[in-house]
Amino acid sequence: MPPYRQTIFLVFYGTFVGVLVFSGWYAWFSWHRYEQDSEYRLTLESDMVAAVTQKLLDGHASGLQFLGVQLQRADALQHPRRARTLLLDYQKASSETASANLIAPNGQVIASTAIPAGKPLPDFRNNPAIWQGFQKVLQTHGMRVYHPLRGPLVGNHWVIRLSRTVFSQAGQPLFVVATPLRFRGIGGFLSHLPLRTGTAVGLIRSDFYIEGRWPVPQNNLSKMLAHPVSAEGALRQALQRDPHARHGTYAGTVAVGDHTYRFGAFTRLSHYPLTAFVSVPRDQWLAAWWRRHIQFPLIFLIIALGFSLAAYRRILGDDLNRQNILRRERETNIFNEALLNTQSSGVTVTRFPEGILERVNARMLEMFGASSQEEFLGHPIREFYLNEETYDQVTVAKQKSLSEGHVALRDMPYRRLDGEIIYIDISIQRMDDTDGVQRVLGTLVDVTERHRLVDELARQSFSDMLTGLPNRRALDAEIIKALARSARQEQLLAVGFLDLDVFKPINDTYGHDAGDDLLKEMARRLQDAVRRLDTVARMGGDEFVLLLEGLRSMDEVDQVLARIHAAIAQPFNVKGKMVSIQASLGLTLYPFDEVDADLLLRHADQAMYAAKKRASRTQEGWVQLYHPDLGTITMGDETLRRDFLRALASGAVTLRYQPLVALATGRVAGLEALTRWNREGQEVSPDRFLPSLGVRECQALGRFVLQTGLRQLAQWRDMGLDLFLSVNVTPEELNQPGFADSVFGILAANPGIPPEFLVLEVLEIGEILEQGVALEHLQRLRAAGVKIALDDVGSAYASLLRLKNLPIDEIKIDQGFIRELSNKPQDLIFVESLVNLGLAMGVLITVEGVETEAHIALLREIDVDYLQGYAIARPLPAEAVADFVRTFVLGTGDTNTPLLALYQHMGWVHAAEESAMNHQGYEHAELAACPITTWLHAHASELSEVETLLAEHETVHALSLEILQVRQGGTREDLHRLLNQLHAHNHLFQEGLGQAVKTMRENAEANQ
């Protein structure tokens, strides 16, 4: 063999041995590197699961805390119905809540949304196992996470039981709020992650009970949940080995699910006894390592050996030439480039310390919106950082990687070439090259969606979705801080409640989209008008709250209010038309009004309503400053008051009597005494002079009405008329110490009138009905047999909130809800809600404002007790009452109106909603049999867009039928989706019907 051939032979075989050694080293190095990268990826995934779970539990912890405050304020232990209403509202607000329960410290369940109303509620004292654990719950502060359920899957979702104990100021437990939470949000989140095949994700408690696992284990699930995981499992051993570490990894046979050998990582949650874990089977781990690090290099090695063998033979055969060498080198480079571009993460090689990009892969181009590598190569990487702070942070990390070998950073902001900001997790590793140049290898994973999801969850919980302003939850937190700052700095805090005066007409005229645009523009103007340290929040609807801080004098208040007034006074562009609106602002000042945050808001609200009553809408007249006498003394003058007292003494003040008809009999059952003042030749109604009277005049008027009315009632009873008398009582009278004794004295002077035939109508204004004097009067009068009625229910902000706490026998629904029903049948839902409220309280229900035969026909279908209004009779003089009472019989009313048909239509819509929420059955109403269908066809020629109404009505019926079908075999998510669609289409139908009826009546009036 020639010497050169022997040399070539030795070189070839030496190279072959070197390749084998290198292959062994590469296999070891790639396994070690893949193990590090996979552990890092598993840790990132467990971090994301932990972060989402933490956000979910924190949100429900805040929700339970807020629900506890509501229940405590509502005295829920003494009012189970009110408690159940609050629990149902909480359950509806969160689709992930399976039920909500209120439990007394003695173990008795007070209210539960899981048990139908009227059914017996459980008592934990009857179950020793539950009672022993419940005693621990009573001593727990904050939210408690329970052991998993034996059968936890409801609708393929895991359920975790949560509870929160509410304590008194003395530290004693008041009650426990408990709710099972469906973890379906985790499943939805996992579906968006690029998880590997066979990945298992779950939650394990600190006492090693499994709280949840995805995918759900299929074998022995109940047995697995009944005991902690086995002490021999790799996950439990890892958690016990390092009990305080937030992150960790493990490898071995797991005791959860399929009992396979797995690699995994875990992350412990803050404040909760839970740990999130993510793991993959060993066979999937090995297969992925083979595909990513061995398969292509092995192919490359075989090809390289084949080329080498061919080269050897070519060299030995003198067939090798320079062209073939260059061609094979190009093929090798192409193969290496293809291997680099198959990575799912962005890869960069950066020369350090210059920070010059030398190499990027295809994924890097895609992440940054580049079309070619020329847009990266040779450029300083500094160009792609969002700001200098990010650049400095990454530079420090790269320097650290040069000394330690590897560094990782999370959620780093970068700027794409199109200007969009993205967030990236970076892994930086030192490269050991032989040319003496320092380089770092960067692996970049785009986590923008994860970052946006976390930010969106945080933003939505504290922001109004329409305007972006702080919502009620954020306001509650901010006003407490503002009160503390005001007390600490000894400066004024102004709390303002602002309401738009003409917002509803704009909604009705231009549509809800235009109304939303106006609200957004109003929010922007208010923010521009106040100072940077002030707060503007939206309470809902057209109501805003202002917190004006750091005020040293009223001059500063006036300056801010002047800017706000100027901003509101500027016309608004509503669908191309310039519209001017007005607003009313109620203002209260702390510490002059030294009460808590809730009362400050209510005082400002009360002052706002007083501002609305003013006739003047000047720059000063649109604002009302709260004072304790607000609602007692208005804008009346002394001259009018003296004139009134003279008129009362001279007989110029008389009474009229308006009949109240009992719906059960159709006959007159009682009369309401109404005041009339014959002044300057005209009969003046109370609404024109009563607001101007002082306390003395109101008391004199009250005695006159009561004495005159009872004397007249005695005469009618002597004539054989079995009637009761209803008399209005002003808040000024009710707040006087001797009011109840005065009523008893007048009753004693009329012995023929039993106390139960006297009804006192109380109009709630401000907080008079919460004061001890007023409540004592009501309780004494009611104990003596006098009936108490609350007048104009639904017309004021506070009435419904405090209604259940008042000692009343009757509610009178405000006439404003009834009068406009003929033109706005869609408002029927408000009347129905008030009637249901009265029925739930067990009080009598009187409906005022019955002015048409259509009203009578409708109210005959609704469960009310008395009707009152012009359709029955106008207020009568005393001498005309007896003949009217003897002859009047209530008719059937006009049934040829949409009101009656719409009420029946709403009945089965409510039944469909109950079926979706509580899985109860109901009878589906066929489209042809619905009264609305008959009415629409009968009046098709008179209605505008009748085809649209018929189509929308048909959609409502179709959705209700689909709810019935899905309830029998669908999921709860499908039911909620259909329920939302039913709400939306039913609302559109009612709004369209109301507008069509209004247009039909306007056309009919124009043609008369």
# chains A, B, ... in the order shown; residues from 1 in each chain; ligands from 1
>>> residues_around(residues="Leu601 of chain A", least_positions_apart="4", cutoff="8 Å", atoms="only C-alpha atoms", output="number ranges by chain")
A: 495-497, 597, 605
>>> write_last_selection(atoms="all heavy atoms", output="PDB file, in the first residue's frame")
ATOM      1  N   VAL A 495     -67.635  63.827  48.153  1.00  0.00           N
ATOM      2  CA  VAL A 495     -68.190  62.656  47.480  1.00  0.00           C
ATOM      3  C   VAL A 495     -69.412  63.120  46.703  1.00  0.00           C
ATOM      4  O   VAL A 495     -70.368  63.633  47.287  1.00  0.00           O
ATOM      5  CB  VAL A 495     -68.571  61.558  48.490  1.00  0.00           C
ATOM      6  CG1 VAL A 495     -69.166  60.359  47.755  1.00  0.00           C
ATOM      7  CG2 VAL A 495     -67.357  61.140  49.313  1.00  0.00           C
ATOM      8  N   GLY A 496     -69.371  62.960  45.391  1.00  0.00           N
ATOM      9  CA  GLY A 496     -70.454  63.435  44.537  1.00  0.00           C
ATOM     10  C   GLY A 496     -71.150  62.289  43.813  1.00  0.00           C
ATOM     11  O   GLY A 496     -70.496  61.340  43.361  1.00  0.00           O
ATOM     12  N   PHE A 497     -72.473  62.358  43.709  1.00  0.00           N
ATOM     13  CA  PHE A 497     -73.280  61.378  42.974  1.00  0.00           C
ATOM     14  C   PHE A 497     -73.935  62.131  41.816  1.00  0.00           C
ATOM     15  O   PHE A 497     -74.763  63.011  42.029  1.00  0.00           O
ATOM     16  CB  PHE A 497     -74.341  60.780  43.901  1.00  0.00           C
ATOM     17  CG  PHE A 497     -74.757  59.395  43.510  1.00  0.00           C
ATOM     18  CD1 PHE A 497     -74.400  58.310  44.278  1.00  0.00           C
ATOM     19  CD2 PHE A 497     -75.510  59.178  42.368  1.00  0.00           C
ATOM     20  CE1 PHE A 497     -74.775  57.024  43.929  1.00  0.00           C
ATOM     21  CE2 PHE A 497     -75.885  57.896  42.012  1.00  0.00           C
ATOM     22  CZ  PHE A 497     -75.522  56.823  42.784  1.00  0.00           C
ATOM     23  N   ALA A 597     -68.178  55.003  54.573  1.00  0.00           N
ATOM     24  CA  ALA A 597     -68.174  55.158  53.115  1.00  0.00           C
ATOM     25  C   ALA A 597     -69.550  54.896  52.519  1.00  0.00           C
ATOM     26  O   ALA A 597     -70.002  55.608  51.613  1.00  0.00           O
ATOM     27  CB  ALA A 597     -67.135  54.212  52.503  1.00  0.00           C
ATOM     28  N   ASP A 605     -76.275  60.499  47.134  1.00  0.00           N
ATOM     29  CA  ASP A 605     -77.387  60.085  46.289  1.00  0.00           C
ATOM     30  C   ASP A 605     -78.670  60.829  46.676  1.00  0.00           C
ATOM     31  O   ASP A 605     -79.435  61.288  45.824  1.00  0.00           O
ATOM     32  CB  ASP A 605     -77.575  58.573  46.421  1.00  0.00           C
ATOM     33  CG  ASP A 605     -78.653  58.052  45.504  1.00  0.00           C
ATOM     34  OD1 ASP A 605     -78.813  58.605  44.409  1.00  0.00           O
ATOM     35  OD2 ASP A 605     -79.348  57.098  45.894  1.00  0.00           O
TER      36      ASP A 605
END
>>> select_by_dssp(residues="segment 79-259 of chain A", states="alpha helix (DSSP H)", output="NGL selection string")
:A and (80-93 or 128-138 or 184-190 or 221-226 or 234-241)
>>> residues_around(residues="Gln868 of chain A", least_positions_apart="3", cutoff="12 Å", atoms="only C-alpha atoms", output="PyMOL selection string")
chain A and resi 657-663+666-672+726+812-815+818-819+845-852+855-856+859+864-865+871-875+890
>>> select_by_dssp(residues="segment 633-690 of chain A", states="strand (DSSP E or B)", output="ChimeraX atom specification")
/A:653-662,668-679,682-684
>>> write_last_selection(atoms="N, CA and C atoms", output="mmCIF file, in the first residue's frame")
data_model
loop_
_atom_site.group_PDB
_atom_site.id
_atom_site.type_symbol
_atom_site.label_atom_id
_atom_site.label_comp_id
_atom_site.auth_asym_id
_atom_site.auth_seq_id
_atom_site.Cartn_x
_atom_site.Cartn_y
_atom_site.Cartn_z
ATOM 1 N N VAL A 653 -109.129 74.460 52.658
ATOM 2 C CA VAL A 653 -108.503 73.160 52.399
ATOM 3 C C VAL A 653 -109.562 72.087 52.597
ATOM 4 N N THR A 654 -109.812 71.265 51.591
ATOM 5 C CA THR A 654 -110.847 70.228 51.641
ATOM 6 C C THR A 654 -110.229 68.878 51.278
ATOM 7 N N LEU A 655 -111.046 67.844 51.383
ATOM 8 C CA LEU A 655 -110.599 66.493 51.058
ATOM 9 C C LEU A 655 -111.390 65.945 49.886
ATOM 10 N N ARG A 656 -110.707 65.190 49.036
ATOM 11 C CA ARG A 656 -111.328 64.386 47.993
ATOM 12 C C ARG A 656 -110.981 62.920 48.293
ATOM 13 N N TYR A 657 -111.853 62.021 47.824
ATOM 14 C CA TYR A 657 -111.679 60.601 48.154
ATOM 15 C C TYR A 657 -111.637 59.785 46.868
ATOM 16 N N GLN A 658 -110.489 59.071 46.672
ATOM 17 C CA GLN A 658 -110.361 58.245 45.466
ATOM 18 C C GLN A 658 -110.574 56.779 45.844
ATOM 19 N N PRO A 659 -111.500 56.083 45.155
ATOM 20 C CA PRO A 659 -111.827 54.696 45.518
ATOM 21 C C PRO A 659 -110.661 53.737 45.239
ATOM 22 N N LEU A 660 -110.579 52.704 46.093
ATOM 23 C CA LEU A 660 -109.683 51.563 45.895
ATOM 24 C C LEU A 660 -110.562 50.334 45.741
ATOM 25 N N VAL A 661 -110.425 49.620 44.621
ATOM 26 C CA VAL A 661 -111.285 48.488 44.299
ATOM 27 C C VAL A 661 -110.540 47.192 44.607
ATOM 28 N N ALA A 662 -111.229 46.293 45.336
ATOM 29 C CA ALA A 662 -110.662 44.971 45.618
ATOM 30 C C ALA A 662 -110.807 44.111 44.372
ATOM 31 N N VAL A 668 -115.788 48.448 45.521
ATOM 32 C CA VAL A 668 -114.962 49.404 46.247
ATOM 33 C C VAL A 668 -114.758 48.904 47.681
ATOM 34 N N ALA A 669 -113.504 48.814 48.127
ATOM 35 C CA ALA A 669 -113.196 48.336 49.467
ATOM 36 C C ALA A 669 -112.691 49.445 50.366
ATOM 37 N N GLY A 670 -112.161 50.526 49.805
ATOM 38 C CA GLY A 670 -111.620 51.592 50.622
ATOM 39 C C GLY A 670 -111.480 52.870 49.835
ATOM 40 N N LEU A 671 -111.033 53.918 50.543
ATOM 41 C CA LEU A 671 -110.865 55.230 49.934
ATOM 42 C C LEU A 671 -109.568 55.852 50.413
ATOM 43 N N GLU A 672 -108.906 56.568 49.523
ATOM 44 C CA GLU A 672 -107.721 57.324 49.914
ATOM 45 C C GLU A 672 -108.106 58.805 50.009
ATOM 46 N N ALA A 673 -107.786 59.428 51.167
ATOM 47 C CA ALA A 673 -108.095 60.845 51.378
ATOM 48 C C ALA A 673 -107.005 61.692 50.743
ATOM 49 N N LEU A 674 -107.405 62.598 49.833
ATOM 50 C CA LEU A 674 -106.469 63.455 49.122
ATOM 51 C C LEU A 674 -106.818 64.919 49.393
ATOM 52 N N THR A 675 -105.777 65.751 49.602
ATOM 53 C CA THR A 675 -105.972 67.152 49.984
ATOM 54 C C THR A 675 -106.116 68.033 48.742
ATOM 55 N N ARG A 676 -107.012 69.016 48.817
ATOM 56 C CA ARG A 676 -107.137 70.034 47.789
ATOM 57 C C ARG A 676 -107.199 71.409 48.475
ATOM 58 N N TRP A 677 -106.491 72.406 47.900
ATOM 59 C CA TRP A 677 -106.469 73.773 48.444
ATOM 60 C C TRP A 677 -107.122 74.701 47.421
ATOM 61 N N ASN A 678 -108.241 75.277 47.810
ATOM 62 C CA ASN A 678 -108.929 76.232 46.942
ATOM 63 C C ASN A 678 -108.282 77.600 47.136
ATOM 64 N N ARG A 679 -107.332 77.921 46.239
ATOM 65 C CA ARG A 679 -106.540 79.136 46.381
ATOM 66 C C ARG A 679 -106.720 80.012 45.155
ATOM 67 N N GLN A 682 -108.742 78.639 42.287
ATOM 68 C CA GLN A 682 -108.310 77.399 41.646
ATOM 69 C C GLN A 682 -108.109 76.310 42.708
ATOM 70 N N GLU A 683 -108.373 75.076 42.313
ATOM 71 C CA GLU A 683 -108.154 73.941 43.212
ATOM 72 C C GLU A 683 -106.732 73.422 42.992
ATOM 73 N N VAL A 684 -105.891 73.529 44.023
ATOM 74 C CA VAL A 684 -104.461 73.197 43.920
ATOM 75 C C VAL A 684 -104.226 71.831 44.554
#
>>> closest_residue(among="A:Glu549, A:Glu96, A:Asp555, A:Asp432", to="Glu973 of chain A", atoms="only C-alpha atoms")
A:Glu96
>>> residues_around(residues="segment 350-362 of chain A", least_positions_apart="4", cutoff="7 Å", atoms="only C-alpha atoms", output="PDB file with all heavy atoms, in the first residue's frame")
ATOM      1  N   LEU A 340     -32.189  23.712  12.381  1.00  0.00           N
ATOM      2  CA  LEU A 340     -32.385  24.853  13.273  1.00  0.00           C
ATOM      3  C   LEU A 340     -33.786  25.441  13.097  1.00  0.00           C
ATOM      4  O   LEU A 340     -34.439  25.824  14.085  1.00  0.00           O
ATOM      5  CB  LEU A 340     -31.326  25.927  12.975  1.00  0.00           C
ATOM      6  CG  LEU A 340     -31.398  27.203  13.831  1.00  0.00           C
ATOM      7  CD1 LEU A 340     -31.133  26.900  15.285  1.00  0.00           C
ATOM      8  CD2 LEU A 340     -30.402  28.233  13.314  1.00  0.00           C
ATOM      9  N   ASN A 341     -34.275  25.480  11.859  1.00  0.00           N
ATOM     10  CA  ASN A 341     -35.559  26.120  11.589  1.00  0.00           C
ATOM     11  C   ASN A 341     -36.750  25.253  11.959  1.00  0.00           C
ATOM     12  O   ASN A 341     -37.889  25.707  11.874  1.00  0.00           O
ATOM     13  CB  ASN A 341     -35.660  26.516  10.117  1.00  0.00           C
ATOM     14  CG  ASN A 341     -34.756  27.694   9.790  1.00  0.00           C
ATOM     15  OD1 ASN A 341     -34.482  28.519  10.641  1.00  0.00           O
ATOM     16  ND2 ASN A 341     -34.276  27.744   8.551  1.00  0.00           N
ATOM     17  N   GLY A 346     -38.048  30.649  19.090  1.00  0.00           N
ATOM     18  CA  GLY A 346     -37.092  31.492  18.407  1.00  0.00           C
ATOM     19  C   GLY A 346     -35.687  31.266  18.936  1.00  0.00           C
ATOM     20  O   GLY A 346     -35.487  31.111  20.141  1.00  0.00           O
ATOM     21  N   GLU A 366     -40.743  34.912  12.262  1.00  0.00           N
ATOM     22  CA  GLU A 366     -42.200  34.908  12.402  1.00  0.00           C
ATOM     23  C   GLU A 366     -42.639  35.678  13.638  1.00  0.00           C
ATOM     24  O   GLU A 366     -43.602  36.455  13.593  1.00  0.00           O
ATOM     25  CB  GLU A 366     -42.686  33.461  12.482  1.00  0.00           C
ATOM     26  CG  GLU A 366     -44.186  33.324  12.645  1.00  0.00           C
ATOM     27  CD  GLU A 366     -44.609  31.873  12.814  1.00  0.00           C
ATOM     28  OE1 GLU A 366     -43.770  30.975  12.568  1.00  0.00           O
ATOM     29  OE2 GLU A 366     -45.768  31.652  13.212  1.00  0.00           O
ATOM     30  N   PHE A 376     -32.464  41.191  10.489  1.00  0.00           N
ATOM     31  CA  PHE A 376     -31.919  40.894  11.815  1.00  0.00           C
ATOM     32  C   PHE A 376     -30.392  40.882  11.829  1.00  0.00           C
ATOM     33  O   PHE A 376     -29.762  41.525  12.674  1.00  0.00           O
ATOM     34  CB  PHE A 376     -32.419  39.521  12.299  1.00  0.00           C
ATOM     35  CG  PHE A 376     -33.762  39.558  12.961  1.00  0.00           C
ATOM     36  CD1 PHE A 376     -34.901  39.236  12.255  1.00  0.00           C
ATOM     37  CD2 PHE A 376     -33.875  39.904  14.300  1.00  0.00           C
ATOM     38  CE1 PHE A 376     -36.135  39.271  12.859  1.00  0.00           C
ATOM     39  CE2 PHE A 376     -35.103  39.930  14.914  1.00  0.00           C
ATOM     40  CZ  PHE A 376     -36.240  39.617  14.193  1.00  0.00           C
ATOM     41  N   LEU A 377     -29.810  40.125  10.891  1.00  0.00           N
ATOM     42  CA  LEU A 377     -28.379  39.860  10.941  1.00  0.00           C
ATOM     43  C   LEU A 377     -27.590  41.152  10.799  1.00  0.00           C
ATOM     44  O   LEU A 377     -27.855  41.981   9.917  1.00  0.00           O
ATOM     45  CB  LEU A 377     -27.984  38.873   9.844  1.00  0.00           C
ATOM     46  CG  LEU A 377     -28.676  37.503   9.900  1.00  0.00           C
ATOM     47  CD1 LEU A 377     -28.130  36.565   8.838  1.00  0.00           C
ATOM     48  CD2 LEU A 377     -28.525  36.885  11.286  1.00  0.00           C
ATOM     49  N   GLY A 378     -26.620  41.335  11.710  1.00  0.00           N
ATOM     50  CA  GLY A 378     -25.792  42.522  11.704  1.00  0.00           C
ATOM     51  C   GLY A 378     -26.392  43.695  12.437  1.00  0.00           C
ATOM     52  O   GLY A 378     -25.740  44.725  12.609  1.00  0.00           O
ATOM     53  N   HIS A 379     -27.622  43.583  12.884  1.00  0.00           N
ATOM     54  CA  HIS A 379     -28.278  44.670  13.607  1.00  0.00           C
ATOM     55  C   HIS A 379     -28.050  44.510  15.115  1.00  0.00           C
ATOM     56  O   HIS A 379     -28.026  43.397  15.630  1.00  0.00           O
ATOM     57  CB  HIS A 379     -29.779  44.682  13.325  1.00  0.00           C
ATOM     58  CG  HIS A 379     -30.131  45.110  11.938  1.00  0.00           C
ATOM     59  ND1 HIS A 379     -30.529  46.387  11.636  1.00  0.00           N
ATOM     60  CD2 HIS A 379     -30.129  44.426  10.761  1.00  0.00           C
ATOM     61  CE1 HIS A 379     -30.785  46.473  10.338  1.00  0.00           C
ATOM     62  NE2 HIS A 379     -30.541  45.282   9.776  1.00  0.00           N
ATOM     63  N   PRO A 380     -27.938  45.618  15.835  1.00  0.00           N
ATOM     64  CA  PRO A 380     -27.867  45.515  17.303  1.00  0.00           C
ATOM     65  C   PRO A 380     -29.198  45.023  17.850  1.00  0.00           C
ATOM     66  O   PRO A 380     -30.264  45.493  17.438  1.00  0.00           O
ATOM     67  CB  PRO A 380     -27.571  46.953  17.763  1.00  0.00           C
ATOM     68  CG  PRO A 380     -27.120  47.671  16.535  1.00  0.00           C
ATOM     69  CD  PRO A 380     -27.778  47.000  15.366  1.00  0.00           C
ATOM     70  N   ILE A 381     -29.150  44.083  18.754  1.00  0.00           N
ATOM     71  CA  ILE A 381     -30.383  43.550  19.320  1.00  0.00           C
ATOM     72  C   ILE A 381     -31.115  44.606  20.152  1.00  0.00           C
ATOM     73  O   ILE A 381     -32.295  44.480  20.452  1.00  0.00           O
ATOM     74  CB  ILE A 381     -30.078  42.299  20.172  1.00  0.00           C
ATOM     75  CG1 ILE A 381     -31.377  41.516  20.414  1.00  0.00           C
ATOM     76  CG2 ILE A 381     -29.408  42.683  21.482  1.00  0.00           C
ATOM     77  CD1 ILE A 381     -31.160  40.164  21.025  1.00  0.00           C
ATOM     78  N   GLN A 438     -16.879  36.009  22.321  1.00  0.00           N
ATOM     79  CA  GLN A 438     -17.930  35.624  23.249  1.00  0.00           C
ATOM     80  C   GLN A 438     -19.293  35.722  22.572  1.00  0.00           C
ATOM     81  O   GLN A 438     -19.636  36.753  21.994  1.00  0.00           O
ATOM     82  CB  GLN A 438     -17.921  36.522  24.489  1.00  0.00           C
ATOM     83  CG  GLN A 438     -16.705  36.319  25.381  1.00  0.00           C
ATOM     84  CD  GLN A 438     -16.763  37.199  26.604  1.00  0.00           C
ATOM     85  OE1 GLN A 438     -17.248  38.321  26.521  1.00  0.00           O
ATOM     86  NE2 GLN A 438     -16.259  36.705  27.716  1.00  0.00           N
ATOM     87  N   ARG A 439     -20.048  34.646  22.643  1.00  0.00           N
ATOM     88  CA  ARG A 439     -21.390  34.601  22.066  1.00  0.00           C
ATOM     89  C   ARG A 439     -22.355  33.971  23.062  1.00  0.00           C
ATOM     90  O   ARG A 439     -21.953  33.148  23.898  1.00  0.00           O
ATOM     91  CB  ARG A 439     -21.411  33.807  20.756  1.00  0.00           C
ATOM     92  CG  ARG A 439     -20.620  34.427  19.625  1.00  0.00           C
ATOM     93  CD  ARG A 439     -20.718  33.562  18.368  1.00  0.00           C
ATOM     94  NE  ARG A 439     -20.032  34.169  17.231  1.00  0.00           N
ATOM     95  CZ  ARG A 439     -18.741  34.016  16.966  1.00  0.00           C
ATOM     96  NH1 ARG A 439     -17.992  33.253  17.766  1.00  0.00           N
ATOM     97  NH2 ARG A 439     -18.209  34.617  15.915  1.00  0.00           N
ATOM     98  N   VAL A 440     -23.634  34.371  22.938  1.00  0.00           N
ATOM     99  CA  VAL A 440     -24.677  33.768  23.767  1.00  0.00           C
ATOM    100  C   VAL A 440     -25.784  33.267  22.856  1.00  0.00           C
ATOM    101  O   VAL A 440     -26.091  33.871  21.822  1.00  0.00           O
ATOM    102  CB  VAL A 440     -25.258  34.762  24.799  1.00  0.00           C
ATOM    103  CG1 VAL A 440     -24.237  35.093  25.857  1.00  0.00           C
ATOM    104  CG2 VAL A 440     -25.769  36.022  24.128  1.00  0.00           C
ATOM    105  N   LEU A 441     -26.352  32.136  23.247  1.00  0.00           N
ATOM    106  CA  LEU A 441     -27.454  31.523  22.516  1.00  0.00           C
ATOM    107  C   LEU A 441     -28.743  31.837  23.267  1.00  0.00           C
ATOM    108  O   LEU A 441     -28.870  31.529  24.460  1.00  0.00           O
ATOM    109  CB  LEU A 441     -27.259  30.008  22.416  1.00  0.00           C
ATOM    110  CG  LEU A 441     -28.392  29.222  21.755  1.00  0.00           C
ATOM    111  CD1 LEU A 441     -28.481  29.552  20.276  1.00  0.00           C
ATOM    112  CD2 LEU A 441     -28.200  27.724  21.954  1.00  0.00           C
TER     113      LEU A 441
END
>>> residues_around(residues="Lys577 of chain A", least_positions_apart="6", cutoff="12 Å", atoms="only C-alpha atoms", output="ChimeraX atom specification")
/A:506,509-510,514,518,571
>>> residues_around(residues="His985 of chain A", least_positions_apart="3", cutoff="12 Å", atoms="only C-alpha atoms", output="ChimeraX atom specification")
/A:909,948-960,978-982,988-992
>>> closest_residue(among="A:Ala882, A:Ile963, A:Val69, A:Ala604", to="Val545 of chain A", atoms="only C-alpha atoms")
A:Ala604
>>> closest_residue(among="A:Leu858, A:Leu876, A:Val759, A:Val560", to="Leu900 of chain A", atoms="only C-alpha atoms")
A:Leu858
>>> residues_around(residues="Met608 of chain A", least_positions_apart="2", cutoff="7 Å", atoms="only C-alpha atoms", output="ChimeraX atom specification")
/A:497-498,584-586,604-606,610-612,624
>>> atom_distance(atom1="atom CA of Leu734 of chain A", atom2="atom CA of Gln715 of chain A")
27.5 Å
>>> closest_residue(among="A:Thr934, A:Gln237, A:Gln995, A:Gln712", to="Val881 of chain A", atoms="only C-alpha atoms")
A:Gln712
